[in-house]
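K.L.:
I have a structure here, written as structure tokens, and I will follow up with some questions on it.
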Amino acid sequence: MQMRCDRLWRGARLATLAPSKSGLGIVEDGVIAARDGRIVFAGSAPEATGLEADEIIDCEGRWITPGLIDCHTHLIFGGDRAHEFELRLAGASYEEIAHAGGGIVSTMKATRAASEADLVASALPRLDALLAEGVTTIEVKSGYGLSTDAELKSLRAARALAARRPVSVATTFLGAHALPPEADGDKDAYIASVIDDMLPAVAGEGLADAVDAFCEGLAFSPEQVARVFEAAKALGLPVKLHADQLSNLHGAALAARFGALSADHLEHTDEHGAAAMAQAGTVAVLLPGAYYFIRETKVPPVALFRAHGVPMALATDCNPGTSPLTSLLLTLNMGATLFRMTVEECLAGVTREAARALGRLDEIGTLEAGKSCDLAIWDIERPAELVYRMGFNPLHRRVWRGR
């Protein structure tokens with residue numbers, strides 16, 4: 001049967017990451033064909049019979065992976081926190097800086113003062129750095145506005161990135177990120193405003209693909225987070241959770257109870273939490289940039305996640321305070337060196353499992369017919385190079401929706 005396609009890549013080695021194949025799903029002498037922005041064929045050249053294309057690209061033996069996915073970022077914010085970095089170098093802890101008026105609240109002030117255009121303009125260089133490494137989908141959280149107007153502004157700015165660059169953007173509402181000063185220490189009252197004011201406004205404008213919260217002693221309790229999640233579920237929005245980063249408040253189990261797409265950080269997660277996540281299908285999103293930057297010493301329980309079959313993703317956690325990281329390739333190396341993840345786990349973590357963490361595995365994350373033609377084409381001899389190297393970018397070409 002003849003099939004006409006817009007574009008065909010041949011002479012490639014494929015790491016399809018398809019779950020139906022073993023390991024990385026490697027295909028030698030591979031071919032990918034796309035039509036109308038979607039993959040219509042991904043497989044070996046002998047099987048690619050009857051394909052005709054308007055344009056044929058010879059990859060000359062290069063590797064093709066799915067386009068990379070950064071599934072946890074805080075890309076939209078005002079200002080920076082370089083001064084706090086100096087304080088941390090001098091011995092101040094994350095909690096001490098936060099209690100002294102720094103941390104998230106300092107970024108909140110700069111974010112509130114910035115216009116939507118300012119927020120977009122400041123985020124574009126960070127986004128461009130990620131795109132230059134083969135990222136084709138990015139998740140962007142709000143959470144630095146902490147008022148209805150400022151949260152809406154942040155989410156609009158995040159959505160606006162997709163109009164300025166060829167990239168897919170998933171937006172997450174993180175109103176329950178920190179307590180703003182005007183709340184006068186009343187966390188319950190602020191959570192009520194998140195539920196009664198912010199969430200309906202966000203949902204009414206269709207600005208969020210998911211709802212997140214920060215479950216931690218210096219942020220919000222499991223009971224307060226549960227109230228937010230119940231409200232999100234009532235509005236038909238899936239949930240995610242910053243869980244068990246600095247202490248074990250059983251955030252992983254809480255996320256699982258609400259069928260969360262992901263629980264993120266997870267340094268202090270216990271076996272009960274890992275088992276609950278596995279049963280719920282909740283992805284563990286590991287963030288080695290934050291672990292490195294705040295000098296954490298407790299490593300996420302990767303062995304427990306393996307033992308219980310919890311899918312693991314990796315992300316930059318790009319944010320101004322605890323992970324000013326704009327390299328998903330460096331994140332791969334950190335996942336391997338700091339968390340002892342395998343090459344296969346790392347690469348799946350920024351493709352297939354990152355797509356799963358966004359609830360978009362049916363659209364992206366693997367090289368399979370029917371999915372969006374998002375590709376990263378690499379000048380490498382073997383996939384392990386993407387994890388092994390530091391400060392080196394071997395990207396040859398980035399393809400988004402077939403272009």
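Labeling convention for the structure tokens: chains A, B, ... as they appear, residues from 1 per chain, ligands from 1 in order of appearance.
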May I have the residues within 12 Å of Pro181 of chain A as a count of residues only, using only C-alpha atoms and disregarding those fewer than 5 positions away in the same chain?

P.N.:
16

K.L.:
Quick one: residues within 7 Å of Ser168 of chain A, only C-alpha atoms counted, chain neighbours fewer than 4 positions away excluded, as a list of chain:residue names?

P.N.:
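Listing them by chain and then by number gives A:Thr136, A:Thr137, A:Ile138, A:Ala162.
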
K.L.:
Write the residues of the selection above to a file with N, CA, C and O atoms, as a PDB file, in the first residue's frame.

P.N.:
ATOM      1  N   THR A 136      10.980  19.658  23.424  1.00  0.00           N
ATOM      2  CA  THR A 136       9.836  19.982  22.561  1.00  0.00           C
ATOM      3  C   THR A 136       8.547  20.194  23.355  1.00  0.00           C
ATOM      4  O   THR A 136       7.576  20.723  22.821  1.00  0.00           O
ATOM      5  N   THR A 137       8.538  19.770  24.615  1.00  0.00           N
ATOM      6  CA  THR A 137       7.392  20.001  25.503  1.00  0.00           C
ATOM      7  C   THR A 137       7.918  20.418  26.862  1.00  0.00           C
ATOM      8  O   THR A 137       8.885  19.842  27.369  1.00  0.00           O
ATOM      9  N   ILE A 138       7.251  21.412  27.454  1.00  0.00           N
ATOM     10  CA  ILE A 138       7.671  21.897  28.765  1.00  0.00           C
ATOM     11  C   ILE A 138       6.452  22.163  29.633  1.00  0.00           C
ATOM     12  O   ILE A 138       5.424  22.646  29.137  1.00  0.00           O
ATOM     13  N   ALA A 162       4.081  29.612  24.192  1.00  0.00           N
ATOM     14  CA  ALA A 162       3.815  28.732  23.050  1.00  0.00           C
ATOM     15  C   ALA A 162       3.520  29.516  21.774  1.00  0.00           C
ATOM     16  O   ALA A 162       3.655  28.980  20.673  1.00  0.00           O
TER      17      ALA A 162
END

K.L.:
Please identify all polymer residues within 6 Å of Val211 of chain A, counting only C-alpha atoms, omitting same-chain residues fewer than 6 positions from it, and present them as a compact mmCIF listing (two decimals) with all heavy atoms, in the first residue's frame.

P.N.:
# COMPACT_ATOMS: atom_id res chain seq x y z
N THR A 172 0.48 24.54 34.90
CA THR A 172 0.03 24.00 36.19
C THR A 172 -0.19 25.15 37.17
O THR A 172 0.69 25.99 37.35
CB THR A 172 1.08 23.02 36.75
OG1 THR A 172 1.26 21.94 35.83
CG2 THR A 172 0.64 22.47 38.09
N PHE A 173 -1.34 25.15 37.80
CA PHE A 173 -1.67 26.16 38.81
C PHE A 173 -1.13 25.73 40.16
O PHE A 173 -1.49 24.68 40.69
CB PHE A 173 -3.19 26.35 38.89
CG PHE A 173 -3.64 27.17 40.08
CD1 PHE A 173 -3.22 28.48 40.24
CD2 PHE A 173 -4.49 26.63 41.04
CE1 PHE A 173 -3.62 29.24 41.34
CE2 PHE A 173 -4.91 27.37 42.13
CZ PHE A 173 -4.47 28.68 42.27
N VAL A 239 -4.21 16.46 39.41
CA VAL A 239 -3.35 17.07 40.42
C VAL A 239 -1.94 16.49 40.36
O VAL A 239 -1.71 15.39 39.85
CB VAL A 239 -3.93 16.91 41.84
CG1 VAL A 239 -5.28 17.60 41.94
CG2 VAL A 239 -4.05 15.43 42.23

K.L.:
Sorted by chain and rising residue number, which residues of segment 172-253 of chain A lie within 9 Å of segment 346-358 of chain A, and what are their closest atom pairs and distances in Å to one decimal, counting only C-alpha atoms, as CSV?

P.N.:
residue,atom,partner,partner_atom,distance
A:Asp209,CA,A:Leu358,CA,8.7
A:Ala210,CA,A:Leu358,CA,8.5
A:Lys240,CA,A:Ala357,CA,8.7

K.L.:
Considering only C-alpha atoms, return as a list in words whatever protein or nucleic-acid residues lie within 6 Å of segment 279-283 of chain A, sequence-local ones (same chain, fewer than 2 positions apart) excluded.

P.N.:
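Contacts, in chain order: Ala256, Gly259, Ala260, Leu261, Ser262, Ala276, Met277, Pro311, Met312 and Ala357 of chain A.
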